[in-house]
>>> print(open('model05.txt').read())   # compact mmCIF, C-alpha atoms
# COMPACT_ATOMS: atom_id res chain seq x y z
CA MET A 96 18.59 -14.65 -13.13
CA SER A 97 21.86 -16.16 -11.98
CA LEU A 98 23.29 -14.41 -8.95
CA THR A 99 26.80 -15.07 -10.20
CA GLN A 100 26.08 -12.41 -12.86
CA ALA A 101 23.63 -10.20 -11.00
CA GLY A 102 23.82 -7.28 -8.64
CA ALA A 103 22.61 -7.19 -5.08
CA ALA A 104 19.72 -9.35 -3.88
CA VAL A 105 18.08 -8.58 -0.55
CA GLY A 106 15.49 -10.07 1.76
CA LEU A 107 13.39 -7.49 3.59
CA ASP A 108 11.23 -8.22 6.60
CA PHE A 109 8.98 -5.16 6.66
CA GLY A 110 7.31 -5.73 10.00
CA THR A 111 4.53 -4.03 11.93
CA THR A 112 6.89 -3.21 14.81
CA ASN A 113 10.39 -3.66 13.36
CA SER A 114 12.03 -4.10 9.99
CA VAL A 115 15.20 -6.04 9.14
CA ALA A 116 17.08 -6.45 5.86
CA ALA A 117 19.64 -9.06 4.83
CA VAL A 118 21.87 -9.23 1.77
CA ALA A 119 22.03 -12.56 -0.04
CA GLY A 120 25.34 -14.16 -0.85
CA GLN A 121 26.08 -16.79 -3.48
CA PHE A 122 24.25 -20.08 -3.01
CA GLY A 123 25.72 -21.82 0.01
CA GLU A 124 26.84 -18.59 1.65
CA ASP A 125 25.09 -17.23 4.70
CA PRO A 126 23.29 -13.90 4.18
CA ARG A 127 24.53 -10.78 5.93
CA LEU A 128 22.20 -8.62 8.00
CA VAL A 129 22.24 -5.00 6.87
CA SER A 130 23.72 -2.60 9.39
CA LEU A 131 21.65 0.58 9.62
CA ALA A 132 22.74 3.89 11.09
CA GLY A 133 21.10 5.02 14.31
CA PRO A 134 21.47 8.03 16.61
CA SER A 135 23.46 5.93 19.09
CA GLY A 136 25.32 3.75 16.59
CA PRO A 137 24.56 1.07 13.99
CA VAL A 138 21.69 -1.38 14.49
CA GLU A 139 20.26 -4.30 12.53
CA VAL A 140 16.66 -4.06 13.78
CA TYR A 141 14.87 -0.87 12.69
CA ARG A 142 11.62 0.37 14.18
CA SER A 143 8.83 0.57 11.60
CA ALA A 144 7.95 4.11 12.60
CA LEU A 145 7.92 7.58 11.10
CA CYS A 146 8.15 10.98 12.75
CA PHE A 147 7.16 14.26 11.12
CA TRP A 148 8.02 17.64 12.62
CA ARG A 149 7.83 21.28 11.63
CA ASP A 150 11.00 22.71 10.07
CA PRO A 151 10.76 26.05 8.22
CA ALA A 152 14.14 25.41 6.61
CA VAL A 153 12.80 22.37 4.73
CA ARG A 154 10.69 22.64 1.61
CA GLY A 155 7.08 22.19 2.57
CA GLY A 156 7.68 23.38 6.11
CA PHE A 157 8.27 20.06 7.82
CA ALA A 158 10.73 17.16 7.83
CA ALA A 159 10.47 13.42 8.44
CA GLU A 160 12.60 10.56 9.73
CA ALA A 161 12.25 6.82 10.25
CA GLY A 162 13.30 4.09 12.68
CA PRO A 163 15.37 5.08 15.73
CA PHE A 164 15.87 8.54 14.22
CA ALA A 165 12.08 8.97 14.30
CA ILE A 166 12.07 8.09 18.00
CA HIS A 167 14.97 10.46 18.63
CA GLU A 168 13.21 13.36 16.91
CA TYR A 169 9.98 12.67 18.76
CA LEU A 170 11.74 12.65 22.12
CA GLU A 171 13.39 15.96 21.27
CA TYR A 172 10.17 17.75 20.29
CA PRO A 173 7.15 15.62 21.28
CA SER A 174 4.49 18.34 21.18
CA ASP A 175 5.57 19.55 17.72
CA SER A 176 5.85 16.08 16.19
CA ARG A 177 3.61 13.43 14.67
CA PHE A 178 4.87 9.96 15.54
CA LEU A 179 3.34 7.15 13.45
CA GLN A 180 3.94 3.50 14.28
CA SER A 181 2.47 0.13 13.26
CA PHE A 182 1.25 1.68 9.98
CA LYS A 183 1.78 -1.68 8.23
CA SER A 184 -1.33 -2.93 10.05
CA VAL A 185 -3.60 -0.81 7.81
CA ALA A 186 -2.21 -2.20 4.54
CA ALA A 187 -5.27 -4.40 3.99
CA THR A 188 -7.84 -2.09 5.60
CA PRO A 189 -10.34 -0.71 3.04
CA SER A 190 -11.55 1.95 5.48
CA PHE A 191 -8.06 3.48 5.62
CA ASP A 192 -7.67 6.00 2.85
CA ARG A 193 -5.17 8.61 3.92
CA ALA A 194 -3.35 9.78 7.03
CA VAL A 195 -3.32 13.56 7.26
CA VAL A 196 -0.09 14.89 8.77
CA PHE A 197 0.31 18.66 9.15
CA GLY A 198 -2.44 19.08 6.58
CA ARG A 199 -0.81 16.84 3.98
CA PRO A 200 -2.49 13.52 3.05
CA TYR A 201 -0.43 10.32 2.91
CA ARG A 202 -1.70 7.07 1.47
CA PHE A 203 -0.32 3.80 2.82
CA GLU A 204 2.09 3.54 -0.10
CA ASP A 205 3.27 7.13 0.49
CA LEU A 206 4.15 6.30 4.09
CA GLY A 207 5.80 3.07 2.95
CA GLN A 208 7.88 4.77 0.26
CA LEU A 209 9.03 7.42 2.71
CA TYR A 210 10.04 4.72 5.17
CA LEU A 211 11.96 2.81 2.48
CA GLU A 212 13.68 6.01 1.35
CA LYS A 213 14.95 6.68 4.87
CA LEU A 214 15.86 3.01 5.34
CA ALA A 215 18.01 3.09 2.19
CA ILE A 216 19.73 6.31 3.28
CA HIS A 217 20.68 4.83 6.63
CA ALA A 218 21.83 1.55 5.06
CA GLY A 219 24.92 3.22 3.65
CA GLY A 220 24.48 1.89 0.12
CA SER A 221 23.52 -1.70 0.97
CA LEU A 222 19.98 -1.14 -0.34
CA ASP A 223 20.92 0.80 -3.47
CA ARG A 224 20.72 -0.61 -7.01
CA LEU A 225 18.99 -3.84 -6.08
CA ASP A 226 18.39 -6.36 -8.84
CA ARG A 227 16.17 -8.52 -6.64
CA LEU A 228 14.11 -7.94 -3.53
CA VAL A 229 12.23 -10.65 -1.64
CA VAL A 230 9.70 -9.15 0.77
CA GLY A 231 7.90 -10.96 3.54
CA ARG A 232 4.11 -10.78 3.80
CA PRO A 233 1.73 -12.23 6.38
CA VAL A 234 -0.45 -15.23 5.62
CA GLN A 235 -3.41 -13.32 7.06
CA TYR A 236 -3.32 -9.53 7.12
CA ALA A 237 -4.29 -7.54 10.20
CA GLY A 238 -7.79 -6.12 10.43
CA ALA A 239 -11.27 -7.48 10.94
CA ARG A 240 -12.18 -7.04 7.24
CA SER A 241 -8.74 -7.31 5.68
CA ASP A 242 -8.54 -7.29 1.88
CA PRO A 243 -5.46 -9.16 0.58
CA VAL A 244 -5.98 -7.86 -2.97
CA LEU A 245 -5.92 -4.27 -1.71
CA ALA A 246 -2.84 -5.03 0.40
CA ARG A 247 -1.04 -6.42 -2.65
CA GLN A 248 -1.88 -3.30 -4.65
CA ARG A 249 -0.55 -1.08 -1.87
CA TYR A 250 2.60 -3.20 -1.48
CA ASP A 251 3.22 -3.03 -5.23
CA ALA A 252 2.92 0.75 -5.14
CA MET A 253 5.13 0.99 -2.05
CA PHE A 254 7.97 -1.10 -3.51
CA ALA A 255 7.69 0.11 -7.11
CA GLY A 256 11.14 1.02 -8.42
CA PHE A 257 12.96 -0.20 -5.32
CA ALA A 258 14.44 -3.23 -7.15
CA GLY A 259 14.56 -4.78 -10.59
CA GLU A 260 12.41 -7.74 -9.58
CA ILE A 261 10.25 -8.08 -6.48
CA HIS A 262 8.85 -11.24 -4.92
CA TYR A 263 6.53 -11.69 -1.94
CA VAL A 264 6.93 -14.71 0.32
CA TYR A 265 4.98 -15.79 3.39
CA GLU A 266 6.89 -14.69 6.48
CA PRO A 267 6.73 -18.06 8.30
CA LEU A 268 7.98 -19.81 5.15
CA ALA A 269 11.00 -17.50 5.17
CA ALA A 270 11.57 -18.34 8.84
CA ALA A 271 11.44 -22.01 7.83
CA PHE A 272 14.29 -21.43 5.36
CA SER A 273 16.29 -19.80 8.12
CA TYR A 274 15.74 -22.66 10.55
CA ALA A 275 16.27 -25.30 7.84
CA SER A 276 19.78 -23.98 7.24
CA ARG A 277 20.70 -25.45 10.64
CA LEU A 278 19.27 -28.91 10.00
CA THR A 279 21.34 -31.93 9.01
CA GLU A 280 18.49 -34.35 8.28
CA PRO A 281 15.01 -34.26 6.71
CA ALA A 282 12.18 -32.97 8.90
CA THR A 283 8.61 -31.72 8.84
CA LEU A 284 8.45 -28.29 10.46
CA LEU A 285 5.71 -26.20 11.96
CA VAL A 286 6.91 -22.61 11.87
CA ALA A 287 5.03 -20.02 13.92
CA ASP A 288 5.76 -16.34 13.41
CA PHE A 289 4.29 -13.97 16.00
CA GLY A 290 4.80 -10.32 15.22
CA GLY A 291 3.14 -7.08 16.12
CA GLY A 292 0.15 -7.26 13.78
CA THR A 293 -0.27 -10.89 12.72
CA SER A 294 0.37 -14.47 13.79
CA ASP A 295 1.25 -16.76 10.88
CA PHE A 296 1.91 -20.47 10.55
CA SER A 297 3.48 -22.65 7.87
CA ILE A 298 3.96 -26.39 7.67
CA VAL A 299 7.09 -27.18 5.65
CA ARG A 300 8.88 -30.35 4.63
CA VAL A 301 12.66 -29.93 4.64
CA GLU A 302 14.37 -32.16 2.11
CA GLU A 303 17.80 -33.67 2.59
CA PRO A 304 20.73 -31.27 2.98
CA GLY A 305 22.35 -30.19 -0.25
CA VAL A 306 19.16 -30.07 -2.28
CA ARG A 307 18.59 -26.53 -3.60
CA GLN A 308 14.85 -26.50 -3.02
CA ARG A 309 15.16 -27.61 0.58
CA CYS A 310 11.77 -26.39 1.83
CA LYS A 311 8.53 -27.72 0.40
CA PRO A 312 5.47 -25.80 1.67
CA LEU A 313 2.65 -28.09 2.75
CA GLY A 314 0.12 -25.70 4.29
CA HIS A 315 -0.42 -22.27 5.80
CA ALA A 316 -2.80 -20.37 8.08
CA GLY A 317 -2.83 -17.14 9.99
CA VAL A 318 -4.82 -14.72 12.08
CA GLY A 319 -4.66 -10.93 12.06
CA ILE A 320 -3.86 -10.54 15.76
CA ALA A 321 -0.56 -10.54 17.64
CA GLY A 322 1.46 -8.31 19.93
CA ASP A 323 -0.40 -5.08 19.14
CA ARG A 324 -3.65 -6.76 20.15
CA PHE A 325 -2.11 -7.72 23.49
CA ASP A 326 -1.14 -4.06 23.88
CA GLN A 327 -4.75 -3.06 23.25
CA ARG A 328 -5.88 -5.37 26.05
CA ILE A 329 -3.49 -3.67 28.47
CA VAL A 330 -4.55 -0.17 27.45
CA ASP A 331 -8.21 -1.20 27.64
CA ARG A 332 -7.85 -2.47 31.21
CA LEU A 333 -5.42 0.01 32.72
CA VAL A 334 -5.69 3.28 30.78
CA LEU A 335 -9.05 3.73 29.05
CA PRO A 336 -11.18 3.67 32.25
CA LEU A 337 -9.35 6.88 33.26
CA LEU A 338 -10.13 8.43 29.88
CA GLY A 339 -13.88 7.94 29.99
CA LYS A 340 -14.46 4.41 28.75
CA GLY A 341 -17.67 3.06 30.24
CA GLY A 342 -18.81 6.58 31.02
CA ARG A 343 -21.94 8.35 29.87
CA TYR A 344 -22.96 11.67 28.38
CA ARG A 345 -26.18 13.68 28.17
CA SER A 346 -28.06 14.03 24.90
CA PHE A 347 -31.14 16.19 25.39
CA ASP A 348 -33.05 14.41 28.18
CA LYS A 349 -31.24 11.07 27.84
CA GLU A 350 -28.04 9.60 29.22
CA LEU A 351 -26.12 7.55 26.67
CA GLU A 352 -22.91 5.51 26.74
CA ILE A 353 -19.91 7.28 25.26
CA PRO A 354 -19.31 5.89 21.72
CA PRO A 355 -16.69 3.11 21.84
CA GLY A 356 -15.01 4.17 18.59
CA PHE A 357 -12.87 6.81 20.29
CA PHE A 358 -11.47 4.23 22.71
CA ALA A 359 -10.87 1.62 19.98
CA ASP A 360 -8.84 4.15 18.00
CA PHE A 361 -6.92 5.32 21.07
CA SER A 362 -5.77 1.76 21.87
CA ASP A 363 -4.65 1.11 18.27
CA TRP A 364 -1.04 2.25 17.71
CA SER A 365 -1.67 2.80 13.99
CA LYS A 366 -4.55 5.19 14.72
CA LEU A 367 -3.66 6.95 17.96
CA ALA A 368 -1.40 9.63 16.44
CA LEU A 369 -3.96 10.25 13.69
CA MET A 370 -6.54 11.29 16.29
CA ARG A 371 -4.67 14.57 16.57
CA ASN A 372 -6.74 16.29 13.91
CA PRO A 373 -9.25 19.15 14.17
CA ARG A 374 -12.32 17.03 13.44
CA THR A 375 -11.62 14.39 16.10
CA LEU A 376 -10.53 16.93 18.70
CA ASN A 377 -13.66 19.02 18.06
CA GLU A 378 -15.84 15.93 18.48
CA LEU A 379 -14.11 15.09 21.73
CA GLY A 380 -14.50 18.67 22.88
CA ARG A 381 -18.26 18.54 22.31
CA LEU A 382 -18.39 15.19 24.07
CA GLN A 383 -16.47 16.58 27.02
CA ARG A 384 -19.04 19.35 27.48
CA SER A 385 -21.89 16.83 27.70
CA ALA A 386 -20.09 14.03 29.56
CA LEU A 387 -21.03 13.16 33.11
CA ASP A 388 -17.29 12.97 33.85
CA PRO A 389 -15.82 15.73 31.66
CA ALA A 390 -12.41 15.47 33.35
CA ALA A 391 -11.92 11.94 31.96
CA ILE A 392 -12.52 13.07 28.36
CA GLY A 393 -10.26 16.03 29.09
CA ARG A 394 -7.45 13.62 29.96
CA MET A 395 -7.92 11.81 26.64
CA ILE A 396 -7.79 15.11 24.76
CA ALA A 397 -4.64 16.12 26.64
CA MET A 398 -2.90 12.82 25.84
CA ILE A 399 -3.74 13.20 22.15
CA GLU A 400 -2.72 16.86 21.97
CA ASN A 401 0.54 16.18 23.80
CA GLU A 402 1.41 13.33 21.44
CA LEU A 403 1.85 10.74 24.21
CA GLY A 404 1.42 7.65 22.06
CA PHE A 405 5.08 6.66 22.16
CA PRO A 406 5.60 6.92 25.96
CA LEU A 407 2.35 4.97 26.43
CA TYR A 408 3.61 2.32 23.99
CA ASP A 409 6.91 2.23 25.89
CA ALA A 410 5.14 1.65 29.23
CA VAL A 411 2.97 -1.11 27.76
CA THR A 412 5.96 -2.81 26.14
CA ARG A 413 7.91 -2.76 29.41
CA LEU A 414 5.01 -4.43 31.20
CA LYS A 415 4.77 -7.20 28.59
CA ALA A 416 8.51 -7.78 28.70
CA ASP A 417 8.52 -7.98 32.50
CA LEU A 418 5.65 -10.47 32.49
CA THR A 419 7.55 -12.80 30.17
CA GLN A 420 10.13 -13.23 32.94
CA ASN A 421 8.19 -12.59 36.16
CA ASP A 422 4.89 -13.59 37.71
CA GLN A 423 3.98 -9.95 38.30
CA SER A 424 5.07 -6.46 37.36
CA THR A 425 4.09 -2.84 37.86
CA PHE A 426 2.61 -0.77 35.05
CA GLN A 427 3.67 2.85 35.33
CA PHE A 428 2.68 5.79 33.17
CA THR A 429 2.60 9.52 33.80
CA GLY A 430 1.59 12.26 31.40
CA ALA A 431 -1.02 14.92 30.64
CA GLY A 432 -2.62 14.62 34.06
CA VAL A 433 -2.81 10.84 33.87
CA GLU A 434 -0.91 8.93 36.53
CA ILE A 435 -1.11 5.16 36.66
CA GLU A 436 0.74 2.75 38.88
CA ALA A 437 -0.87 -0.69 38.90
CA MET A 438 0.37 -4.13 39.85
CA VAL A 439 -0.41 -6.72 37.17
CA THR A 440 0.07 -10.45 37.58
CA ARG A 441 0.85 -12.77 34.70
CA ARG A 442 -2.37 -14.63 35.49
CA GLU A 443 -4.35 -11.41 35.03
CA PHE A 444 -2.61 -10.64 31.76
CA ASP A 445 -3.26 -14.18 30.54
CA SER A 446 -6.96 -13.74 31.28
CA TRP A 447 -7.04 -10.48 29.28
CA ILE A 448 -5.56 -12.16 26.18
CA ALA A 449 -7.30 -15.54 26.55
CA ASP A 450 -9.63 -15.03 23.59
CA ASP A 451 -6.72 -13.96 21.38
CA ILE A 452 -4.68 -17.00 22.42
CA ALA A 453 -7.64 -19.22 21.53
CA ARG A 454 -7.82 -17.72 18.05
CA MET A 455 -4.08 -18.26 17.59
CA ALA A 456 -4.44 -21.89 18.67
CA ASN A 457 -7.27 -22.37 16.19
CA ALA A 458 -5.05 -20.99 13.42
CA VAL A 459 -2.39 -23.58 14.31
CA SER A 460 -5.04 -26.28 13.88
CA ASP A 461 -6.02 -24.73 10.54
CA ALA A 462 -2.41 -24.89 9.34
CA LEU A 463 -2.13 -28.56 10.26
CA SER A 464 -5.42 -29.25 8.49
CA ASP A 465 -4.35 -27.31 5.40
CA ALA A 466 -1.14 -29.35 5.26
CA GLY A 467 -2.95 -32.63 5.86
CA VAL A 468 -0.68 -33.63 8.73
CA SER A 469 -1.28 -34.34 12.39
CA ALA A 470 0.60 -33.01 15.39
CA VAL A 471 2.49 -36.29 15.80
CA GLU A 472 3.90 -35.92 12.28
CA ILE A 473 5.61 -32.63 13.15
CA ASP A 474 9.30 -33.24 13.87
CA ARG A 475 10.20 -29.69 14.90
CA VAL A 476 8.31 -26.58 15.95
CA PHE A 477 10.14 -23.30 15.35
CA LEU A 478 8.82 -20.22 17.13
CA THR A 479 9.92 -16.77 16.02
CA GLY A 480 8.83 -13.13 16.30
CA GLY A 481 8.88 -11.01 19.44
CA THR A 482 5.40 -12.07 20.60
CA SER A 483 6.54 -15.73 20.67
CA LEU A 484 8.26 -14.90 23.95
CA VAL A 485 4.92 -14.41 25.75
CA PRO A 486 4.46 -17.50 28.00
CA ALA A 487 0.78 -17.93 27.09
CA VAL A 488 1.76 -18.04 23.41
CA ARG A 489 4.38 -20.69 24.04
CA ARG A 490 1.80 -22.81 25.89
CA ILE A 491 -0.15 -23.14 22.65
CA PHE A 492 2.66 -25.44 21.53
CA THR A 493 3.79 -27.09 24.75
CA SER A 494 0.20 -28.32 25.17
CA ARG A 495 0.39 -30.17 21.81
CA PHE A 496 4.04 -30.99 21.21
CA ALA A 497 6.83 -32.44 23.29
CA GLU A 498 9.04 -29.76 24.79
CA ASP A 499 12.15 -31.14 23.08
CA ARG A 500 10.54 -30.56 19.67
CA ILE A 501 10.04 -26.83 20.27
CA MET A 502 12.84 -24.51 19.15
CA SER A 503 13.20 -20.76 19.04
CA GLY A 504 15.76 -18.11 18.24
CA GLY A 505 16.43 -15.13 16.02
CA GLU A 506 13.07 -13.74 17.09
CA LEU A 507 13.65 -10.46 15.27
CA THR A 508 15.99 -11.52 12.45
CA SER A 509 15.09 -15.04 11.28
CA ILE A 510 12.55 -13.89 8.67
CA ALA A 511 14.97 -11.47 6.99
CA HIS A 512 17.65 -14.17 7.04
CA GLY A 513 15.29 -16.64 5.39
CA LEU A 514 14.08 -14.13 2.81
CA ALA A 515 17.69 -13.51 1.81
CA LEU A 516 18.26 -17.26 1.47
CA ILE A 517 15.29 -17.35 -0.91
CA ALA A 518 16.65 -14.29 -2.73
CA GLN A 519 19.86 -16.14 -3.53
CA GLU A 520 17.97 -18.98 -5.23
CA GLU A 521 17.90 -19.01 -9.04
CA ASP A 522 14.11 -18.71 -9.11
CA PRO A 523 12.51 -17.22 -5.96
CA SER A 524 9.10 -17.22 -7.69
CA VAL A 525 8.82 -20.89 -6.71
CA TRP A 526 7.96 -19.71 -3.17
CA ARG A 527 6.01 -16.61 -4.18
CA ALA A 528 2.83 -16.00 -2.15
>>> encode(input="model05.txt", output="structure tokens")
Amino acid sequence: MSLTQAGAAVGLDFGTTNSVAAVAGQFGEDPRLVSLAGPSGPVEVYRSALCFWRDPAVRGGFAAEAGPFAIHEYLEYPSDSRFLQSFKSVAATPSFDRAVVFGRPYRFEDLGQLYLEKLAIHAGGSLDRLDRLVVGRPVQYAGARSDPVLARQRYDAMFAGFAGEIHYVYEPLAAAFSYASRLTEPATLLVADFGGGTSDFSIVRVEEPGVRQRCKPLGHAGVGIAGDRFDQRIVDRLVLPLLGKGGRYRSFDKELEIPPGFFADFSDWSKLALMRNPRTLNELGRLQRSALDPAAIGRMIAMIENELGFPLYDAVTRLKADLTQNDQSTFQFTGAGVEIEAMVTRREFDSWIADDIARMANAVSDALSDAGVSAVEIDRVFLTGGTSLVPAVRRIFTSRFAEDRIMSGGELTSIAHGLALIAQEEDPSVWRA
């Protein structure tokens, strides 16, 4: 398909935490980021979140919104809402079947289609009547037992009918296209994309400027951990001990450790809101009656019933952001009888995420091995994604590569920009993952 005769072509970075879209121009033209309506004005970065709330005036008895509108609706009526975030992280999870919201089941693709529908509405026509859509996908999906075939099936169902033709491209490869548009000479790039759910790496050879197929993929690797996992470490250390983690309960004449599954779900943004269902709350109620510290389980129940996932996420995110700039910061959270004020040093935080950093570093080595190149053959390292700002993440690269070879920028927009550059090529299937 020649874009001189076609309709709109768009690159879409559907991320675990945020989503960004960019409209392709003719070849040689820079793509344009899509401006999306928000409660406080237009934005280009849209939260990958949904909020459902009861509304008798709407067919079915409840309404839904996405992005910053979802946050706005949640903040207006938190106790009567269901706020879902990071739902992309279950795309490849076989154990995830449906999320039940106000008694109605939603498959992953149902949630995704609803999000896309709201995204298109707030894009003011920029995402209507698309002839071509290039969507980013991780190299390695999130989840301990991720199934890429299942993820592809769910993505196909989610995006069905959204555009005439749909292509999937590795997210770090798209970031490579974005960075390559700045280069004036050939180079071998290591591109590292750190998002909310996954950390992905591509080794790319950039050909001389002016050549249409400027980026030649050499190798890829990834690991299904990133910023959300860091969040889990914070919640595990600072919040869960107050909610009963490590505690015990009585079963007949024995004392047993409280099952860890409740705490694992509570610290997972994609699962926390879904704990507000009769079955889980009944199980927690029974556990509370037999727990040696029933007040702790009561606090967990209160946080779930009062839908405090978003303010907890906000407190965790503020701590991470502060620790990217400062050697220490204070974690503060108040809600449902839980009050936390704890000083956290960057050294402490680094120790909490040390195992995750090691797995990321191993994935970098895997990418180099897959490409058949050594560290000394890498001319430029491009870091992107919000989690790339964490100092411990950056040290993965400063320990291997000279500082002057490490670049960053467009942490939240470079993938969408690169996907749109691929969308404006005559044949995007060349880079299809």
>>> atom_distance(input="model05.txt", atom1="atom CA of Gly505 of chain A", atom2="atom CA of Gln180 of chain A")
22.5 Å
>>> residues_around(input="model05.txt", residues="Tyr250 of chain A", least_positions_apart="2", cutoff="10 Å", atoms="only C-alpha atoms", output="list in words")
Lys183, Ala186, Ala187, Phe203, Glu204, Gly207, Gln208, Val230, Arg232, Val244, Leu245, Ala246, Arg247, Gln248, Ala252, Met253, Phe254, Ala255 and Tyr263 of chain A
>>> residues_around(input="model05.txt", residues="Asn457 of chain A", least_positions_apart="5", cutoff="12 Å", atoms="only C-alpha atoms", output="JSON, numbers by chain")
{"A": [294, 295, 296, 316, 317, 318, 450, 451, 452, 462, 463, 464, 491, 492]}
>>> residues_near_point(input="model05.txt", point="(3.2, -23.1, 7.8)", cutoff="7 Å", atoms="all atoms listed in the file", output="PyMOL selection string")
chain A and resi 267-268+285-286+296-299+314-316+462
>>> closest_residue(input="model05.txt", among="A:Gly290, A:Pro389, A:Pro173, A:Gly231", to="Leu484 of chain A", atoms="all atoms listed in the file")
A:Gly290
>>> residues_around(input="model05.txt", residues="Phe191 of chain A", least_positions_apart="3", cutoff="12 Å", atoms="all atoms listed in the file", output="short mmCIF file (atom, residue, chain, number, x, y, z; two decimals) with C-alpha atoms, in the frame of the given file")
data_model
loop_
_atom_site.label_atom_id
_atom_site.label_comp_id
_atom_site.auth_asym_id
_atom_site.auth_seq_id
_atom_site.Cartn_x
_atom_site.Cartn_y
_atom_site.Cartn_z
CA PHE A 182 1.25 1.68 9.98
CA LYS A 183 1.78 -1.68 8.23
CA SER A 184 -1.33 -2.93 10.05
CA VAL A 185 -3.60 -0.81 7.81
CA ALA A 186 -2.21 -2.20 4.54
CA ALA A 187 -5.27 -4.40 3.99
CA THR A 188 -7.84 -2.09 5.60
CA ALA A 194 -3.35 9.78 7.03
CA VAL A 195 -3.32 13.56 7.26
CA PRO A 200 -2.49 13.52 3.05
CA TYR A 201 -0.43 10.32 2.91
CA ARG A 202 -1.70 7.07 1.47
CA PHE A 203 -0.32 3.80 2.82
CA GLU A 204 2.09 3.54 -0.10
CA GLY A 238 -7.79 -6.12 10.43
CA ARG A 240 -12.18 -7.04 7.24
CA SER A 241 -8.74 -7.31 5.68
CA ASP A 242 -8.54 -7.29 1.88
CA LEU A 245 -5.92 -4.27 -1.71
CA ALA A 246 -2.84 -5.03 0.40
CA ARG A 249 -0.55 -1.08 -1.87
CA SER A 365 -1.67 2.80 13.99
CA LYS A 366 -4.55 5.19 14.72
CA LEU A 369 -3.96 10.25 13.69
#
>>> atom_distance(input="model05.txt", atom1="atom CA of Thr425 of chain A", atom2="atom CA of Ala437 of chain A")
5.5 Å
>>> closest_residue(input="model05.txt", among="A:Ala117, A:Ala410, A:Val433, A:Leu403", to="Leu335 of chain A", atoms="all atoms listed in the file")
A:Val433
>>> atom_distance(input="model05.txt", atom1="atom CA of Ile435 of chain A", atom2="atom CA of Tyr408 of chain A")
13.8 Å
>>> closest_residue(input="model05.txt", among="A:Arg527, A:Gln235, A:Gln427, A:Arg500", to="Leu514 of chain A", atoms="only C-alpha atoms")
A:Arg527
